[in-house]
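A.B. asks: So here's coords-v9.pdb, just PDB, C-alpha atoms:
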ATOM      1  CA  MET E   1     127.628 163.739 109.518
ATOM      2  CA  VAL E   2     129.773 161.802 107.065
ATOM      3  CA  LYS E   3     132.227 160.904 109.810
ATOM      4  CA  LYS E   4     129.447 159.772 112.113
ATOM      5  CA  THR E   5     127.947 157.697 109.321
ATOM      6  CA  GLY E   6     131.343 156.131 108.587
ATOM      7  CA  VAL E   7     131.879 155.251 112.236
ATOM      8  CA  LEU E   8     128.375 153.847 112.483
ATOM      9  CA  PHE E   9     128.944 151.779 109.342
ATOM     10  CA  ARG E  10     132.189 150.314 110.733
ATOM     11  CA  ILE E  11     130.482 149.453 114.018
ATOM     12  CA  MET E  12     127.632 147.753 112.192
ATOM     13  CA  MET E  13     130.056 145.759 110.008
ATOM     14  CA  ALA E  14     132.117 144.715 112.996
ATOM     15  CA  THR E  15     128.977 143.598 114.826
ATOM     16  CA  ALA E  16     127.859 141.652 111.772
ATOM     17  CA  LEU E  17     131.222 139.907 111.514
ATOM     18  CA  VAL E  18     131.069 138.916 115.178
ATOM     19  CA  LEU E  19     127.620 137.448 114.620
ATOM     20  CA  VAL E  20     128.775 135.592 111.504
ATOM     21  CA  PHE E  21     131.781 134.079 113.245
ATOM     22  CA  ALA E  22     129.693 133.221 116.278
ATOM     23  CA  GLY E  23     127.232 131.461 114.005
ATOM     24  CA  CYS E  24     130.082 129.510 112.388
ATOM     25  CA  ALA E  25     131.644 128.527 115.686
ATOM     26  CA  PRO E  26     131.628 124.752 116.021
ATOM     27  CA  LYS E  27     128.916 123.403 118.230
ATOM     28  CA  GLN E  28     129.341 120.352 120.417
ATOM     29  CA  ASP E  29     128.738 117.248 118.298
ATOM     30  CA  ASN E  30     126.130 115.265 120.207
ATOM     31  CA  ARG E  31     125.018 112.961 117.393
ATOM     32  CA  VAL E  32     125.746 109.241 117.128
ATOM     33  CA  ILE E  33     124.386 106.967 114.402
ATOM     34  CA  ILE E  34     124.108 103.233 115.008
ATOM     35  CA  TYR E  35     123.353 100.634 112.365
ATOM     36  CA  THR E  36     121.767  97.470 113.729
ATOM     37  CA  SER E  37     120.151  94.276 112.453
ATOM     38  CA  THR E  38     118.258  93.398 115.620
ATOM     39  CA  GLU E  39     114.583  92.469 115.620
ATOM     40  CA  ASP E  40     112.093  95.241 116.361
ATOM     41  CA  PHE E  41     111.438  94.243 119.967
ATOM     42  CA  ARG E  42     115.158  94.221 120.747
ATOM     43  CA  THR E  43     115.765  97.528 118.968
ATOM     44  CA  GLU E  44     112.932  99.221 120.870
ATOM     45  CA  HIS E  45     114.471  98.199 124.190
ATOM     46  CA  MET E  46     117.860  99.550 123.141
ATOM     47  CA  GLN E  47     116.297 102.847 122.105
ATOM     48  CA  GLN E  48     114.680 103.178 125.514
ATOM     49  CA  LEU E  49     117.934 102.475 127.361
ATOM     50  CA  LEU E  50     119.911 104.899 125.207
ATOM     51  CA  LYS E  51     117.358 107.662 125.695
ATOM     52  CA  GLU E  52     117.410 107.196 129.469
ATOM     53  CA  LYS E  53     121.205 107.109 129.662
ATOM     54  CA  PHE E  54     121.935 109.910 127.177
ATOM     55  CA  PRO E  55     118.970 112.341 127.225
ATOM     56  CA  ASN E  56     121.073 115.135 125.734
ATOM     57  CA  TYR E  57     122.534 113.094 122.883
ATOM     58  CA  ASP E  58     120.990 112.683 119.440
ATOM     59  CA  ILE E  59     121.316 108.908 118.954
ATOM     60  CA  THR E  60     119.781 107.280 115.895
ATOM     61  CA  LEU E  61     119.332 103.520 115.562
ATOM     62  CA  GLN E  62     118.899 102.626 111.904
ATOM     63  CA  VAL E  63     117.610  99.066 111.407
ATOM     64  CA  LEU E  64     118.891  97.258 108.309
ATOM     65  CA  SER E  65     118.576  93.671 107.146
ATOM     66  CA  THR E  66     121.807  91.742 107.569
ATOM     67  CA  GLY E  67     122.670  91.725 103.874
ATOM     68  CA  ASN E  68     121.875  95.404 103.367
ATOM     69  CA  HIS E  69     123.736  96.301 106.560
ATOM     70  CA  ALA E  70     126.924  94.624 105.360
ATOM     71  CA  ALA E  71     126.601  95.876 101.780
ATOM     72  CA  LYS E  72     126.039  99.476 102.874
ATOM     73  CA  ILE E  73     129.113  99.541 105.111
ATOM     74  CA  LYS E  74     131.189  97.776 102.438
ATOM     75  CA  ALA E  75     130.170 100.298  99.788
ATOM     76  CA  GLU E  76     130.547 103.409 101.937
ATOM     77  CA  GLY E  77     133.654 102.414 103.864
ATOM     78  CA  THR E  78     134.881 104.884 106.466
ATOM     79  CA  ASP E  79     132.758 107.593 104.810
ATOM     80  CA  THR E  80     129.585 105.931 106.090
ATOM     81  CA  GLU E  81     127.298 107.970 108.299
ATOM     82  CA  ALA E  82     127.307 105.156 110.870
ATOM     83  CA  ASP E  83     129.567 105.492 113.893
ATOM     84  CA  ILE E  84     128.749 102.136 115.509
ATOM     85  CA  ILE E  85     127.441  98.861 114.124
ATOM     86  CA  LEU E  86     125.606  96.265 116.188
ATOM     87  CA  ASN E  87     124.334  92.737 115.593
ATOM     88  CA  LEU E  88     126.020  92.117 112.244
ATOM     89  CA  GLU E  89     126.952  88.519 111.440
ATOM     90  CA  THR E  90     130.577  87.684 112.139
ATOM     91  CA  ALA E  91     131.101  86.447 108.582
ATOM     92  CA  TYR E  92     130.306  89.915 107.255
ATOM     93  CA  LEU E  93     132.390  91.616 109.937
ATOM     94  CA  GLU E  94     135.403  89.582 108.863
ATOM     95  CA  GLY E  95     135.006  91.140 105.432
ATOM     96  CA  LEU E  96     134.888  94.651 106.906
ATOM     97  CA  THR E  97     137.988  94.642 109.115
ATOM     98  CA  ASP E  98     139.626  97.378 107.029
ATOM     99  CA  VAL E  99     136.680  99.661 107.884
ATOM    100  CA  LEU E 100     136.572  98.860 111.610
ATOM    101  CA  ALA E 101     138.535 100.399 114.479
ATOM    102  CA  ASP E 102     140.826  98.416 116.755
ATOM    103  CA  LEU E 103     138.982  97.934 120.066
ATOM    104  CA  SER E 104     142.001  96.909 122.137
ATOM    105  CA  SER E 105     141.734 100.076 124.237
ATOM    106  CA  PHE E 106     138.421  98.837 125.692
ATOM    107  CA  ASP E 107     138.179  96.300 128.521
ATOM    108  CA  LEU E 108     137.400  93.009 126.766
ATOM    109  CA  SER E 109     137.850  90.740 129.783
ATOM    110  CA  ALA E 110     134.152  89.942 130.334
ATOM    111  CA  PHE E 111     133.736  88.175 126.986
ATOM    112  CA  LEU E 112     134.481  84.547 126.191
ATOM    113  CA  PRO E 113     138.030  84.595 124.767
ATOM    114  CA  ASP E 114     137.228  82.306 121.830
ATOM    115  CA  LEU E 115     134.647  84.814 120.564
ATOM    116  CA  ILE E 116     137.117  87.723 120.435
ATOM    117  CA  PRO E 117     139.049  87.812 117.137
ATOM    118  CA  ALA E 118     142.813  88.236 117.344
ATOM    119  CA  HIS E 119     142.614  91.514 115.405
ATOM    120  CA  HIS E 120     140.158  92.993 117.985
ATOM    121  CA  LYS E 121     138.129  94.723 115.250
ATOM    122  CA  TYR E 122     134.790  93.624 116.712
ATOM    123  CA  LEU E 123     133.305  92.112 119.863
ATOM    124  CA  PRO E 124     130.566  89.484 120.134
ATOM    125  CA  TRP E 125     127.001  90.747 120.263
ATOM    126  CA  ASP E 126     125.208  87.427 120.434
ATOM    127  CA  LYS E 127     125.287  83.742 119.643
ATOM    128  CA  SER E 128     122.069  82.465 118.117
ATOM    129  CA  SER E 129     121.006  78.901 117.468
ATOM    130  CA  GLY E 130     118.449  77.364 115.188
ATOM    131  CA  ALA E 131     115.861  74.794 116.192
ATOM    132  CA  VAL E 132     113.217  72.621 114.629
ATOM    133  CA  VAL E 133     110.070  74.389 115.828
ATOM    134  CA  ILE E 134     106.805  72.472 115.880
ATOM    135  CA  ASN E 135     103.187  73.009 116.803
ATOM    136  CA  PRO E 136     102.474  69.698 118.620
ATOM    137  CA  ALA E 137      98.740  70.320 119.054
ATOM    138  CA  ARG E 138      98.254  70.985 115.349
ATOM    139  CA  LEU E 139     100.313  67.929 114.441
ATOM    140  CA  ALA E 140      98.225  65.770 116.766
ATOM    141  CA  SER E 141      94.987  67.160 115.335
ATOM    142  CA  GLN E 142      96.092  65.929 111.917
ATOM    143  CA  GLY E 143      97.168  62.550 113.248
ATOM    144  CA  LEU E 144     100.836  63.262 112.618
ATOM    145  CA  PRO E 145     103.706  62.228 114.909
ATOM    146  CA  VAL E 146     106.368  64.594 116.197
ATOM    147  CA  PRO E 147     109.405  64.040 113.944
ATOM    148  CA  GLY E 148     112.453  62.531 115.616
ATOM    149  CA  SER E 149     115.121  63.297 113.023
ATOM    150  CA  PHE E 150     115.926  65.360 109.982
ATOM    151  CA  GLN E 151     115.377  62.253 107.870
ATOM    152  CA  GLU E 152     111.825  61.885 109.149
ATOM    153  CA  LEU E 153     111.005  65.328 107.769
ATOM    154  CA  LEU E 154     111.310  63.784 104.301
ATOM    155  CA  ASP E 155     108.257  61.571 104.886
ATOM    156  CA  PRO E 156     105.493  62.481 102.389
ATOM    157  CA  LYS E 157     103.024  62.808 105.272
ATOM    158  CA  TYR E 158     104.648  66.153 106.085
ATOM    159  CA  LYS E 159     104.245  67.469 102.525
ATOM    160  CA  GLY E 160     103.295  71.148 102.492
ATOM    161  CA  LEU E 161     103.756  71.488 106.261
ATOM    162  CA  LEU E 162     107.437  72.487 106.426
ATOM    163  CA  SER E 163     108.953  75.960 106.294
ATOM    164  CA  MET E 164     112.600  76.980 106.090
ATOM    165  CA  PRO E 165     114.432  80.236 105.323
ATOM    166  CA  ASN E 166     116.106  80.432 101.923
ATOM    167  CA  PRO E 167     119.900  80.296 102.454
ATOM    168  CA  LYS E 168     120.387  82.776  99.616
ATOM    169  CA  THR E 169     118.444  85.501 101.425
ATOM    170  CA  SER E 170     118.708  84.483 105.086
ATOM    171  CA  GLY E 171     121.646  83.865 107.385
ATOM    172  CA  THR E 172     119.393  81.505 109.324
ATOM    173  CA  GLY E 173     118.788  79.412 106.233
ATOM    174  CA  TYR E 174     122.494  79.287 105.443
ATOM    175  CA  MET E 175     123.193  78.325 109.041
ATOM    176  CA  PHE E 176     121.084  75.166 108.649
ATOM    177  CA  LEU E 177     122.634  74.369 105.275
ATOM    178  CA  LYS E 178     126.216  74.822 106.483
ATOM    179  CA  GLY E 179     125.567  72.917 109.717
ATOM    180  CA  LEU E 180     124.279  69.870 107.845
ATOM    181  CA  ILE E 181     127.122  70.094 105.316
ATOM    182  CA  ASN E 182     129.550  69.940 108.242
ATOM    183  CA  SER E 183     127.621  67.038 109.771
ATOM    184  CA  TRP E 184     127.056  64.892 106.672
ATOM    185  CA  GLY E 185     129.301  66.182 103.915
ATOM    186  CA  GLU E 186     128.441  68.511 101.047
ATOM    187  CA  ASP E 187     126.974  65.984  98.597
ATOM    188  CA  ALA E 188     124.785  64.299 101.205
ATOM    189  CA  ALA E 189     123.482  67.621 102.541
ATOM    190  CA  PHE E 190     122.504  68.954  99.113
ATOM    191  CA  ALA E 191     120.894  65.632  98.236
ATOM    192  CA  TYR E 192     118.915  65.887 101.461
ATOM    193  CA  PHE E 193     117.596  69.363 100.668
ATOM    194  CA  ASP E 194     116.605  68.220  97.175
ATOM    195  CA  ARG E 195     114.200  65.810  98.859
ATOM    196  CA  PHE E 196     113.341  68.212 101.707
ATOM    197  CA  ALA E 197     112.144  70.769  99.139
ATOM    198  CA  ASP E 198     109.377  68.386  98.084
ATOM    199  CA  ASN E 199     107.728  68.820 101.499
ATOM    200  CA  VAL E 200     108.314  72.562 101.890
ATOM    201  CA  LEU E 201     105.371  74.935 101.860
ATOM    202  CA  GLN E 202     107.715  77.883 101.424
ATOM    203  CA  PHE E 203     111.375  78.833 101.564
ATOM    204  CA  THR E 204     110.988  82.194 103.301
ATOM    205  CA  THR E 205     113.109  85.242 102.561
ATOM    206  CA  SER E 206     113.809  86.012 106.236
ATOM    207  CA  GLY E 207     114.897  83.975 109.220
ATOM    208  CA  SER E 208     111.721  84.846 111.119
ATOM    209  CA  GLY E 209     109.547  83.547 108.291
ATOM    210  CA  PRO E 210     109.143  79.932 109.479
ATOM    211  CA  VAL E 211     108.038  80.948 112.980
ATOM    212  CA  ASN E 212     105.599  83.450 111.480
ATOM    213  CA  ALA E 213     104.255  80.683 109.235
ATOM    214  CA  LEU E 214     103.648  78.542 112.322
ATOM    215  CA  ILE E 215     101.929  81.408 114.129
ATOM    216  CA  GLN E 216      99.624  81.922 111.161
ATOM    217  CA  GLY E 217      98.903  78.200 110.932
ATOM    218  CA  GLU E 218     100.342  77.927 107.429
ATOM    219  CA  ALA E 219     103.095  75.495 108.469
ATOM    220  CA  LEU E 220     103.339  73.025 111.342
ATOM    221  CA  ILE E 221     107.103  72.497 111.359
ATOM    222  CA  GLY E 222     109.712  75.205 110.841
ATOM    223  CA  LEU E 223     113.476  75.391 110.733
ATOM    224  CA  GLY E 224     113.793  78.685 112.582
ATOM    225  CA  MET E 225     115.646  80.723 115.164
ATOM    226  CA  THR E 226     115.510  79.682 118.819
ATOM    227  CA  ILE E 227     115.182  83.317 119.907
ATOM    228  CA  THR E 228     112.244  84.004 117.565
ATOM    229  CA  ALA E 229     110.373  80.874 118.601
ATOM    230  CA  THR E 230     110.933  81.549 122.316
ATOM    231  CA  GLU E 231     109.725  85.136 121.942
ATOM    232  CA  ALA E 232     106.554  83.833 120.280
ATOM    233  CA  ILE E 233     105.980  81.394 123.160
ATOM    234  CA  ASN E 234     106.591  83.943 125.905
ATOM    235  CA  ASN E 235     104.962  87.046 124.425
ATOM    236  CA  ARG E 236     102.418  85.809 121.912
ATOM    237  CA  GLY E 237     101.151  82.664 123.611
ATOM    238  CA  ALA E 238     102.337  80.353 120.853
ATOM    239  CA  ASN E 239     102.046  76.632 121.612
ATOM    240  CA  PHE E 240     105.416  75.615 120.192
ATOM    241  CA  THR E 241     107.997  72.989 121.076
ATOM    242  CA  LEU E 242     111.650  73.343 120.118
ATOM    243  CA  ILE E 243     113.531  70.214 119.060
ATOM    244  CA  PHE E 244     117.236  69.576 118.535
ATOM    245  CA  PHE E 245     117.919  66.466 116.506
ATOM    246  CA  GLN E 246     120.953  64.213 116.888
ATOM    247  CA  GLU E 247     123.141  66.485 114.722
ATOM    248  CA  GLY E 248     122.568  69.360 117.164
ATOM    249  CA  ALA E 249     121.643  72.991 116.667
ATOM    250  CA  PRO E 250     123.211  75.160 113.969
ATOM    251  CA  SER E 251     124.468  78.483 115.280
ATOM    252  CA  VAL E 252     125.863  81.796 114.189
ATOM    253  CA  THR E 253     127.513  84.685 116.004
ATOM    254  CA  THR E 254     127.082  88.410 115.462
ATOM    255  CA  GLY E 255     129.256  91.267 116.587
ATOM    256  CA  MET E 256     129.569  94.984 117.243
ATOM    257  CA  GLY E 257     132.215  97.498 116.297
ATOM    258  CA  ILE E 258     133.153 101.125 115.647
ATOM    259  CA  ILE E 259     133.868 102.586 112.231
ATOM    260  CA  LYS E 260     137.569 103.403 111.894
ATOM    261  CA  GLY E 261     138.303 107.021 112.789
ATOM    262  CA  ARG E 262     135.263 107.387 115.036
ATOM    263  CA  GLU E 263     136.928 105.661 117.993
ATOM    264  CA  SER E 264     138.704 108.921 118.829
ATOM    265  CA  LYS E 265     135.412 110.782 119.347
ATOM    266  CA  PRO E 266     134.582 110.826 123.075
ATOM    267  CA  ILE E 267     130.827 110.648 122.502
ATOM    268  CA  VAL E 268     131.196 107.575 120.271
ATOM    269  CA  ARG E 269     133.450 105.873 122.805
ATOM    270  CA  GLU E 270     130.966 106.669 125.577
ATOM    271  CA  VAL E 271     128.021 105.241 123.664
ATOM    272  CA  PHE E 272     129.982 102.164 122.550
ATOM    273  CA  GLN E 273     131.122 101.537 126.123
ATOM    274  CA  PHE E 274     127.460 101.582 127.146
ATOM    275  CA  ALA E 275     126.607  99.252 124.250
ATOM    276  CA  MET E 276     129.286  96.684 125.113
ATOM    277  CA  THR E 277     128.233  96.608 128.761
ATOM    278  CA  THR E 278     124.619  97.567 129.472
ATOM    279  CA  LEU E 279     122.988  97.162 126.052
ATOM    280  CA  VAL E 280     124.493  93.790 125.264
ATOM    281  CA  THR E 281     124.059  92.505 128.817
ATOM    282  CA  GLU E 282     120.371  93.401 128.959
ATOM    283  CA  ASP E 283     119.865  91.928 125.497
ATOM    284  CA  LYS E 284     121.324  88.630 126.757
ATOM    285  CA  ASP E 285     119.265  88.766 129.954
ATOM    286  CA  LEU E 286     115.987  89.491 128.150
ATOM    287  CA  TYR E 287     116.170  88.005 124.680
ATOM    288  CA  CYS E 288     119.172  85.977 123.553
ATOM    289  CA  PRO E 289     120.870  84.227 126.486
ATOM    290  CA  GLU E 290     123.222  81.964 124.576
ATOM    291  CA  PRO E 291     126.710  82.457 126.031
ATOM    292  CA  ILE E 292     129.057  85.224 124.931
ATOM    293  CA  PHE E 293     130.195  86.173 128.466
ATOM    294  CA  LYS E 294     132.122  84.212 131.057
ATOM    295  CA  ASN E 295     129.792  82.547 133.595
ATOM    296  CA  GLN E 296     126.687  83.737 131.722
ATOM    297  CA  VAL E 297     123.401  82.355 133.093
ATOM    298  CA  ASN E 298     120.233  81.766 131.054
ATOM    299  CA  THR E 299     117.173  82.902 133.025
ATOM    300  CA  ILE E 300     114.693  83.421 130.174
ATOM    301  CA  PRO E 301     111.547  81.279 130.543
ATOM    302  CA  ASN E 302     111.153  78.580 127.874
ATOM    303  CA  TYR E 303     114.553  79.329 126.355
ATOM    304  CA  PRO E 304     116.363  75.988 125.991
ATOM    305  CA  LYS E 305     119.314  75.386 128.253
ATOM    306  CA  ASP E 306     122.416  73.313 127.430
ATOM    307  CA  ILE E 307     121.806  73.552 123.697
ATOM    308  CA  PRO E 308     123.794  70.899 121.781
ATOM    309  CA  TYR E 309     125.578  72.898 119.077
ATOM    310  CA  MET E 310     126.571  71.609 115.658
ATOM    311  CA  ASP E 311     130.091  71.905 114.329
ATOM    312  CA  MET E 312     129.925  75.258 112.546
ATOM    313  CA  ARG E 313     133.474  75.440 111.166
ATOM    314  CA  GLY E 314     133.706  77.622 108.077
ATOM    315  CA  ILE E 315     130.492  79.537 108.788
ATOM    316  CA  ASN E 316     132.409  82.844 108.546
ATOM    317  CA  ASP E 317     134.097  82.043 105.214
ATOM    318  CA  LEU E 318     132.313  84.309 102.718
ATOM    319  CA  VAL E 319     134.087  82.814  99.697
ATOM    320  CA  GLU E 320     132.935  79.336 100.697
ATOM    321  CA  LYS E 321     129.435  80.660 101.366
ATOM    322  CA  GLU E 322     129.226  82.166  97.893
ATOM    323  CA  ARG E 323     130.397  78.897  96.336
ATOM    324  CA  LEU E 324     127.854  76.830  98.257
ATOM    325  CA  LEU E 325     124.978  79.162  97.488
ATOM    326  CA  THR E 326     125.579  78.823  93.746
ATOM    327  CA  LYS E 327     124.538  75.185  94.248
ATOM    328  CA  TRP E 328     121.290  76.057  96.024
ATOM    329  CA  LYS E 329     118.361  75.603  93.601
ATOM    330  CA  TYR E 330     115.331  76.791  95.549
TER     331      TYR E 330
END
Transcribe the structure of this file into structure tokens.

C.D. replies:
Amino acid sequence: MVKKTGVLFRIMMATALVLVFAGCAPKQDNRVIIYTSTEDFRTEHMQQLLKEKFPNYDITLQVLSTGNHAAKIKAEGTDTEADIILNLETAYLEGLTDVLADLSSFDLSAFLPDLIPAHHKYLPWDKSSGAVVINPARLASQGLPVPGSFQELLDPKYKGLLSMPNPKTSGTGYMFLKGLINSWGEDAAFAYFDRFADNVLQFTTSGSGPVNALIQGEALIGLGMTITATEAINNRGANFTLIFFQEGAPSVTTGMGIIKGRESKPIVREVFQFAMTTLVTEDKDLYCPEPIFKNQVNTIPNYPKDIPYMDMRGINDLVEKERLLTKWKY
């Protein structure tokens, strides 16, 4: 009986060990985490496409504001939970090159060459411009003319009717500031905004703030994003007109990349390949058609064509940005 019990015990232990090792056996890693700073409507479309393409993968899109996105990756480095980052401003990406993988092994030929950095640590996601967005019907109802220049926005008759993002909290706001600095010189641009502030209803914390202020009827003129204003026209019935003054439209680029070390994971490469082809292409076709590809065509209704861009040299210099923002008072 003792022998039988001993044999039975050894069989039970062996079975238990098999079960333990089986439970510890590595399972296929089907999870990919993506950090993105896209607007909600763009993120929702990406989620739908990813779910359709990869029904058996666990793909999480975590939406972060631009500043938080960059700060989180900077703080966490290659230990971050993110595998892929999308729609982060190029200026921030330039400060993260030590955390990003070299993308030279991917086919980069479809993109405009001047938007691909020599180090190949990121690829363009979009190019976005700013516009002076107005509500012409509301202006007319108050007996006010459509402004024809940045200088005209300083007229006291527009007092309390202007909205602009704060450059300290919004890349869109900084885009306008830096564009006018490049156009007029630093002293003249800051002197301009000192007077501009007298007519401002609110310096908003986000780039979408001015367009939202127009939608709500709080402001009649906003320095906002072309993409946000066009989306409001096409999907929310907003009666807006987009204006580009003589200086042109300020612009900024964003990019996408892979966290260093994750580029060797097949699932990450597969999802990134889909992002740099289908996701980014559909995003350009549906939402932000400003050119990042060769021979790209803008087919979005009401989205301006042949946008006259400002000289945006230095927009990606974070040291210069920090210096300029210490001079911003509002």

A.B. asks: For the structure shown, which residues end up in the PyMOL selection byres ((chain E and resi 35-37) around 6)? Put them as a PyMOL selection string, please?

C.D. replies: chain E and resi 34+38+61-66+85-87

A.B. asks: I need the residue nearest E:Thr97 from this list: E:Ile267, E:Leu144, E:Ile181, E:Ile259. Use all atoms listed in the file for the distance.

C.D. replies: E:Ile259

A.B. asks: Evaluate the PyMOL selection byres ((chain E and resi 126) around 8) and record the selected residues as a tab-separated table (two decimals) with C-alpha atoms, keeping the file's coordinate frame, following the chain and residue labels used in the document.

C.D. replies:
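Ended up saving to result.tsv:
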chain	number	residue	atom	x	y	z
E	87	ASN	CA	124.33	92.74	115.59
E	124	PRO	CA	130.57	89.48	120.13
E	125	TRP	CA	127.00	90.75	120.26
E	127	LYS	CA	125.29	83.74	119.64
E	128	SER	CA	122.07	82.46	118.12
E	253	THR	CA	127.51	84.68	116.00
E	254	THR	CA	127.08	88.41	115.46
E	255	GLY	CA	129.26	91.27	116.59
E	284	LYS	CA	121.32	88.63	126.76
E	288	CYS	CA	119.17	85.98	123.55
E	290	GLU	CA	123.22	81.96	124.58
E	291	PRO	CA	126.71	82.46	126.03
E	292	ILE	CA	129.06	85.22	124.93

A.B. asks: Evaluate the PyMOL selection byres ((chain E and resi 172) around 10) on the structure here and hand back the selected residues as a list of chain:residue names.

C.D. replies: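 So the PyMOL selection byres ((chain E and resi 172) around 10), applied here, picks out E:Ser128, E:Ser129, E:Gly130, E:Met164, E:Pro165, E:Asn166, E:Pro167, E:Lys168, E:Thr169, E:Ser170, E:Gly171, E:Gly173, E:Tyr174, E:Met175, E:Phe176, E:Leu177, E:Lys178, E:Thr205, E:Ser206, E:Gly207, E:Ser208, E:Leu223, E:Gly224, E:Met225, E:Pro250, E:Ser251, E:Val252.
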
A.B. asks: Using all atoms listed in the file and a cutoff of 12 Å, can you tell me which residues are near (127.1, 95.5, 101.9) in the file's coordinates, and write them out as a VMD selection string?

C.D. replies: chain E and resid 64 to 77 80 88 to 89 91 to 93 95 to 96

A.B. asks: Restricting the calculation to all atoms listed in the file, which member of E:Tyr158, E:Tyr309, E:Tyr303, E:Tyr57 is positioned closest to E:Thr241?

C.D. replies: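 Of E:Tyr158, E:Tyr309, E:Tyr303, E:Tyr57, the one nearest E:Thr241 is E:Tyr303, counting all atoms listed in the file.
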
A.B. asks: Using all atoms listed in the file, can you tell me which of E:Asn30, E:Ser105, E:Thr60, E:Asn302 comes closest to E:Thr226?

C.D. replies: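 Residue with the minimum atom-to-atom distance to E:Thr226: E:Asn302.
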
A.B. asks: One decimal, in Å: what's the spacing between atom CA of E:Ile243 and atom CA of E:Asn295?

C.D. replies: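 Computing the Euclidean distance for atom CA of E:Ile243 and atom CA of E:Asn295 yields 25.1 Å.
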
A.B. asks: By how many Å are atom CA of E:Leu153 and atom CA of E:Ile221 apart?

C.D. replies: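 About the pair atom CA of E:Leu153 and atom CA of E:Ile221: they are 8.9 Å apart.
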
A.B. asks: Tell me, as a ChimeraX atom specification, which residues lie within 10 Å of E:Pro289, counting only C-alpha atoms; anything in the same chain fewer than 6 positions away does not count.

C.D. replies: /E:126-128,227,281-283,296-300,303-305

A.B. asks: Using all atoms listed in the file, which protein or nucleic acid residues come within 12 Å of E:Thr277? Drop anything in the same chain fewer than 4 positions from it, and give the result as a list of chain:residue names.

C.D. replies: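 So, after excluding close chain neighbours, the residues are E:Leu49, E:Phe106, E:Asp107, E:Leu108, E:Ser109, E:Ala110, E:Phe111, E:Leu123, E:Pro124, E:Trp125, E:Met256, E:Glu270, E:Val271, E:Phe272, E:Gln273, E:Thr281, E:Glu282, E:Asp283, E:Lys284, E:Asp285, E:Phe293.
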
A.B. asks: Write out as a list in words each polymer residue whose atoms come within 6 Å of E:Ala219, counting all atoms listed in the file; drop sequence neighbours fewer than 3 positions from it.

C.D. replies: Leu161, Leu162, Ala213 and Leu214 of chain E

A.B. asks: Between E:Glu52, E:Asp306, E:Asp29, E:Asp311, which one has atoms that come closest to E:Leu279, using all atoms listed in the file?

C.D. replies: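 Ranking E:Glu52, E:Asp306, E:Asp29, E:Asp311 by distance to E:Leu279, first place goes to E:Glu52.
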
A.B. asks: Between atom CA of E:Lys294 and atom CA of E:Pro117, what is the distance, to one decimal in Å?

C.D. replies: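 Separation of atom CA of E:Lys294 and atom CA of E:Pro117: 16.0 Å.
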
A.B. asks: Which residue out of E:Met312, E:Ile134, E:Ile258, E:Leu154 has the minimum interatomic distance to E:Gly179 when all atoms listed in the file are used?

C.D. replies: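 Smallest distance to E:Gly179 is found for E:Met312.
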
A.B. asks: Nearest to E:Asp317 among E:Thr90, E:Arg31, E:Asp79, E:Thr278, with distances taken over only C-alpha atoms: which residue is it?

C.D. replies: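 Ranking E:Thr90, E:Arg31, E:Asp79, E:Thr278 by distance to E:Asp317, first place goes to E:Thr90.
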